[in-house]
Amino acid sequence: MATTSKQYKAIGEDIWKGRTEKINAELFALTYGALVVQLVQDYEDYGEVNTQLEKMGYNIGTRLIEDFLARSALGRCADFREVGEVVAKVGFKAFLNITPTITHAAPAPASPTRPGGAPGAQANAAGASFTLTLDENPLAEFVELPEEVLEGGLWYSNVLCGVLRGALEMVQMQVQANFMSDVLRGDEATEIRVTLVKYLEEEVPVGDD
Amino acid sequence: MVPSLAAVAEPPVRQIDGAAMDYFIIEAVNTLRASAAVAAARAKKIEQEMIDGGLIPPPASGPPAAQRDSVSSNISRNSLSGQPTTEDEEEGLRARLEAIGVHVGANVAERLSHDRAMFTDTLDAVKFICKDLWAACWDKQVDNLRTNHRGVYVLQDNAFKPITRISGWEGRANSLRKAKLYVAMPAGIIKGALHRLGYQAAVVPEITSLPQCTFQLKLPKGT
């Protein structure tokens, strides 16, 4: 491996320390919470709210990646496994100051492999995935969801899935990012699974969304 | 109160990146523009069903199509750039941004003021807004505070953070219009904070030239 897990952690830490503008995470959590409530009122459909949050995240992600690439000066990732490492240890750290833990999985037969175990070719195949486990979630600081929201299927932090999808698409990867579980829903952990659909050809940039 | 003890008792302030927050706000505005339109369309549909069902009389000014034409602002149908198309839609968006601000402001004010003594009077509360709230939200204090001593206060910030970076590729008029939208949430924050402190205030933002912004607060007379 060219860069170790520890080195990525250090890079993430450096970027975070070097960020000139930091804001109180509470402001963010409160604003996001009020936004979700408003969307629930406007759409009256939890599935639709999930979609809108993801879409919003996608747009944010397409902008964040530029910022990230400019500040991190990291080269292209060798494989999807490395993508996961960078996302977890550098990406999340740089913007949200958290470091989710990561488990990698090769494409079917889907048996989770320990980092460093998967052969390079398999780690790049469509269907390769990694799962991010968030021990802390700055979005959900003071949030408790009422029963009907839990049953309605809302993924409160779905914006994060969109951010991942948007950011990775800008670096030529089409992925699916979905919540697997959320402590807000009473689950054991908060997990996002990111699955590689395919690599994208370099194209002439398309117009605005 | 022992300030240093209080500092130790508070958990460390969690932070996130400022640029990420900026992008989030920009996209939140777009998301709310869309959701406001959906909610408005649904309300119109319900209204139309009630009219059709004879439950309410049809609008006095004639059929709905004519009514829409009579709206006086710049109307551009199906604007691809996502700009608000009517005054109503712009108002729906502005109201939502302000409502979010109210929620944020109330909670922030609650946290900030929970250690201190009750506010002795209105001026005290306004000063809290100018110093503590402003610092917590926008990293500085208000530059200028004026009052007519009869319940009206004007807070001036010469470089108001939410609008310092509005870039207008389309020119100044558009930047100004965008800025007016971006101060809706801050106006709500101030309003929510004051309300939480016990003061019902009307808060009106005004931008004459970027990045300067003033907020006019009208507090009820007395205290």
# chains A, B, ... in the order shown; residues from 1 in each chain; ligands from 1

$ interface_residues --of "chain A" --to "chain B" --cutoff "8 Å" --atoms "only C-alpha atoms" --output "list of chain:residue names"
A:Trp16, A:Arg19, A:Glu21, A:Lys22, A:Ile23, A:Asn24, A:Ala25, A:Glu26, A:Leu27, A:Phe28, A:Leu30, A:Thr31, A:Ala34, A:Leu35, A:Gln38, A:Leu39, A:Asp42, A:Tyr43, A:Gln52, A:Met56, A:Asn59, A:Ile60, A:Arg63, A:Leu64, A:Ala94, A:Phe95, A:Leu96, A:Asn97

$ write_last_selection --atoms "N, CA and C atoms" --output "CSV table (one decimal), in the first residue's frame"
chain,number,residue,atom,x,y,z
A,16,TRP,N,-7.8,19.3,8.5
A,16,TRP,CA,-8.7,19.9,9.5
A,16,TRP,C,-8.1,21.1,10.3
A,19,ARG,N,-7.8,24.3,8.2
A,19,ARG,CA,-9.0,25.0,7.7
A,19,ARG,C,-9.1,26.3,8.4
A,21,GLU,N,-11.6,28.4,8.3
A,21,GLU,CA,-13.0,28.8,8.8
A,21,GLU,C,-13.7,27.6,9.4
A,22,LYS,N,-13.9,27.7,10.7
A,22,LYS,CA,-14.7,26.6,11.3
A,22,LYS,C,-15.9,27.2,11.9
A,23,ILE,N,-17.0,26.5,11.9
A,23,ILE,CA,-18.2,27.0,12.6
A,23,ILE,C,-18.7,26.0,13.6
A,24,ASN,N,-19.5,26.6,14.5
A,24,ASN,CA,-20.0,25.7,15.6
A,24,ASN,C,-21.0,24.7,15.0
A,25,ALA,N,-20.7,23.5,15.3
A,25,ALA,CA,-21.5,22.4,14.7
A,25,ALA,C,-22.9,22.4,15.1
A,26,GLU,N,-23.2,23.1,16.2
A,26,GLU,CA,-24.6,23.2,16.7
A,26,GLU,C,-25.4,24.0,15.7
A,27,LEU,N,-24.8,25.0,15.1
A,27,LEU,CA,-25.6,25.9,14.1
A,27,LEU,C,-26.0,25.0,13.0
A,28,PHE,N,-25.1,24.1,12.6
A,28,PHE,CA,-25.3,23.2,11.4
A,28,PHE,C,-26.4,22.2,11.8
A,30,LEU,N,-28.7,22.4,14.0
A,30,LEU,CA,-30.0,23.1,14.2
A,30,LEU,C,-30.6,23.4,12.8
A,31,THR,N,-29.8,24.0,12.0
A,31,THR,CA,-30.3,24.4,10.6
A,31,THR,C,-30.8,23.2,9.9
A,34,ALA,N,-34.1,21.8,11.2
A,34,ALA,CA,-35.3,22.6,10.9
A,34,ALA,C,-35.6,22.4,9.4
A,35,LEU,N,-34.6,22.3,8.6
A,35,LEU,CA,-34.8,22.0,7.2
A,35,LEU,C,-35.5,20.7,6.9
A,38,GLN,N,-39.1,21.1,7.8
A,38,GLN,CA,-39.8,21.8,6.7
A,38,GLN,C,-40.1,21.0,5.5
A,39,LEU,N,-39.1,20.1,5.1
A,39,LEU,CA,-39.3,19.3,4.0
A,39,LEU,C,-40.4,18.2,4.2
A,42,ASP,N,-43.6,20.0,3.8
A,42,ASP,CA,-43.9,20.4,2.4
A,42,ASP,C,-44.2,19.2,1.5
A,43,TYR,N,-43.5,18.1,1.7
A,43,TYR,CA,-43.7,16.9,0.8
A,43,TYR,C,-44.7,15.9,1.3
A,52,GLN,N,-35.2,14.1,-1.7
A,52,GLN,CA,-34.8,15.5,-1.8
A,52,GLN,C,-33.5,15.7,-1.0
A,56,MET,N,-30.1,17.1,-2.6
A,56,MET,CA,-29.4,18.3,-2.1
A,56,MET,C,-27.9,17.9,-1.8
A,59,ASN,N,-25.7,17.8,-4.9
A,59,ASN,CA,-25.3,19.1,-5.3
A,59,ASN,C,-24.1,19.6,-4.4
A,60,ILE,N,-24.3,19.4,-3.2
A,60,ILE,CA,-23.2,19.8,-2.2
A,60,ILE,C,-21.9,19.1,-2.5
A,63,ARG,N,-19.6,20.2,-5.3
A,63,ARG,CA,-18.8,21.4,-4.9
A,63,ARG,C,-17.7,21.0,-3.9
A,64,LEU,N,-18.1,20.2,-3.0
A,64,LEU,CA,-17.1,19.8,-1.9
A,64,LEU,C,-15.9,19.2,-2.5
A,94,ALA,N,-11.9,16.3,7.1
A,94,ALA,CA,-11.7,17.6,6.6
A,94,ALA,C,-13.0,18.5,6.7
A,95,PHE,N,-14.1,17.9,6.5
A,95,PHE,CA,-15.3,18.8,6.5
A,95,PHE,C,-16.2,18.7,7.8
A,96,LEU,N,-16.2,17.5,8.4
A,96,LEU,CA,-17.1,17.3,9.5
A,96,LEU,C,-16.3,17.0,10.8
A,97,ASN,N,-15.0,16.9,10.7
A,97,ASN,CA,-14.2,16.6,11.8
A,97,ASN,C,-14.6,15.3,12.6

$ closest_residue --among "B:Met118, B:Leu219, B:Ala187, B:Leu55" --to "Asn148 in chain B" --atoms "only C-alpha atoms"
B:Leu219

$ residues_around --residues "Phe142 in chain A" --least-positions-apart "2" --cutoff "8 Å" --atoms "only C-alpha atoms" --output "list of chain:residue names"
A:Ala29, A:Ala140, A:Glu144

$ write_last_selection --atoms "all heavy atoms" --output "compact mmCIF listing (two decimals), in the first residue's frame"
# COMPACT_ATOMS: atom_id res chain seq x y z
N ALA A 29 -26.27 21.63 12.93
CA ALA A 29 -27.25 20.63 13.33
C ALA A 29 -28.64 21.24 13.44
O ALA A 29 -29.64 20.65 13.00
CB ALA A 29 -26.86 19.99 14.66
N ALA A 140 -26.97 14.97 13.71
CA ALA A 140 -28.05 14.46 14.54
C ALA A 140 -27.85 14.75 16.01
O ALA A 140 -28.37 14.04 16.85
CB ALA A 140 -28.16 12.95 14.32
N GLU A 144 -34.20 13.52 18.18
CA GLU A 144 -34.89 12.27 18.53
C GLU A 144 -36.07 12.21 17.59
O GLU A 144 -36.82 13.17 17.50
CB GLU A 144 -35.42 12.36 19.96
CG GLU A 144 -34.66 11.51 20.93
CD GLU A 144 -35.27 11.66 22.32
OE1 GLU A 144 -36.50 11.48 22.45
OE2 GLU A 144 -34.51 11.99 23.23

$ select_by_dssp --residues "chain A" --states "strand (DSSP E or B)" --output "MDAnalysis selection string"
chainID A and resid 22:24 101:105 112:113 129:134 173:181 190:199

$ atom_distance --atom1 "CA of Ala105 in chain A" --atom2 "CA of Glu202 in chain A"
26.1 Å

$ closest_residue --among "A:Glu54, A:Glu44, A:Asp79, A:Glu147" --to "Gly166 in chain A" --atoms "only C-alpha atoms"
A:Glu54

$ select_by_dssp --residues "range 28-202 of chain B" --states "alpha helix (DSSP H)" --output "ChimeraX atom specification"
/B:28-52,64-69,87-113,122-128,134-138,161-164,172-182,184-196

$ write_last_selection --atoms "C-alpha atoms" --output "compact mmCIF listing (two decimals), in the first residue's frame"
# COMPACT_ATOMS: atom_id res chain seq x y z
CA ALA B 28 -30.69 24.32 1.24
CA VAL B 29 -32.05 27.48 -0.38
CA ASN B 30 -32.50 25.64 -3.69
CA THR B 31 -34.10 22.68 -1.95
CA LEU B 32 -36.54 24.91 -0.10
CA ARG B 33 -37.41 26.79 -3.26
CA ALA B 34 -38.51 23.50 -4.76
CA SER B 35 -40.35 22.27 -1.68
CA ALA B 36 -42.15 25.61 -1.28
CA ALA B 37 -43.38 25.30 -4.85
CA VAL B 38 -44.63 21.75 -4.20
CA ALA B 39 -46.47 22.83 -1.07
CA ALA B 40 -47.98 25.83 -2.86
CA ALA B 41 -49.13 23.69 -5.78
CA ARG B 42 -50.77 21.24 -3.40
CA ALA B 43 -52.55 24.04 -1.57
CA LYS B 44 -53.77 25.48 -4.88
CA LYS B 45 -55.02 22.08 -5.94
CA ILE B 46 -56.97 21.65 -2.74
CA GLU B 47 -58.37 25.13 -3.14
CA GLN B 48 -59.43 24.34 -6.71
CA GLU B 49 -61.09 21.12 -5.60
CA MET B 50 -63.05 23.03 -3.03
CA ILE B 51 -64.08 25.58 -5.61
CA ASP B 52 -65.11 22.80 -8.00
CA PRO B 64 -57.06 31.42 -12.22
CA ALA B 65 -55.16 31.99 -15.48
CA ALA B 66 -56.07 35.65 -15.53
CA GLN B 67 -55.20 35.94 -11.87
CA ARG B 68 -51.68 34.72 -12.49
CA ASP B 69 -51.14 37.25 -15.26
CA GLU B 87 -43.53 36.99 -5.83
CA ASP B 88 -45.59 34.34 -4.07
CA GLU B 89 -42.96 31.69 -4.58
CA GLU B 90 -40.21 34.01 -3.47
CA GLU B 91 -42.23 34.82 -0.36
CA GLY B 92 -42.78 31.13 0.34
CA LEU B 93 -39.06 30.57 0.21
CA ARG B 94 -38.26 33.62 2.29
CA ALA B 95 -40.78 32.60 4.95
CA ARG B 96 -39.26 29.13 5.19
CA LEU B 97 -35.76 30.50 5.56
CA GLU B 98 -36.92 32.83 8.29
CA ALA B 99 -38.73 30.01 10.10
CA ILE B 100 -35.57 27.92 10.10
CA GLY B 101 -33.72 30.93 11.47
CA VAL B 102 -36.24 31.32 14.27
CA HIS B 103 -35.64 27.72 15.34
CA VAL B 104 -31.87 28.14 15.23
CA GLY B 105 -31.93 31.50 17.01
CA ALA B 106 -34.13 30.29 19.84
CA ASN B 107 -31.89 27.32 20.53
CA VAL B 108 -28.63 29.24 20.26
CA ALA B 109 -29.92 31.98 22.54
CA GLU B 110 -31.06 29.40 25.05
CA ARG B 111 -27.63 27.82 25.19
CA LEU B 112 -25.77 31.11 25.33
CA SER B 113 -27.91 32.72 27.99
CA THR B 122 -34.69 45.54 26.55
CA LEU B 123 -31.41 47.28 25.86
CA ASP B 124 -29.63 44.55 27.76
CA ALA B 125 -31.24 41.92 25.59
CA VAL B 126 -30.42 43.81 22.40
CA LYS B 127 -26.81 44.14 23.49
CA PHE B 128 -26.73 40.39 24.03
CA TRP B 134 -23.54 37.74 16.63
CA ALA B 135 -20.23 36.23 17.80
CA ALA B 136 -21.70 32.74 18.05
CA CYS B 137 -23.26 32.87 14.60
CA TRP B 138 -21.15 35.27 12.58
CA LYS B 161 -20.81 37.21 7.06
CA PRO B 162 -23.67 35.47 5.21
CA ILE B 163 -23.44 37.97 2.38
CA THR B 164 -19.75 38.78 2.20
CA ARG B 172 -25.11 43.83 -9.04
CA ALA B 173 -28.90 43.79 -9.20
CA ASN B 174 -28.90 40.04 -9.06
CA SER B 175 -26.36 39.93 -6.25
CA LEU B 176 -28.57 42.24 -4.26
CA ARG B 177 -31.60 40.07 -4.86
CA LYS B 178 -29.70 36.96 -3.81
CA ALA B 179 -28.40 38.74 -0.75
CA LYS B 180 -31.91 39.70 0.29
CA LEU B 181 -32.77 36.03 0.31
CA TYR B 182 -29.67 35.10 2.28
CA ALA B 184 -33.89 35.98 5.67
CA MET B 185 -32.48 33.22 7.86
CA PRO B 186 -30.32 35.58 9.93
CA ALA B 187 -33.36 37.83 10.46
CA GLY B 188 -35.13 34.75 11.76
CA ILE B 189 -32.21 33.91 14.02
CA ILE B 190 -32.41 37.35 15.63
CA LYS B 191 -36.17 37.11 15.92
CA GLY B 192 -36.02 33.61 17.42
CA ALA B 193 -33.34 34.63 19.89
CA LEU B 194 -35.29 37.66 21.09
CA HIS B 195 -38.44 35.62 21.39
CA ARG B 196 -36.63 33.04 23.48

$ atom_distance --atom1 "CA of Gln172 in chain A" --atom2 "CA of Tyr199 in chain A"
5.8 Å
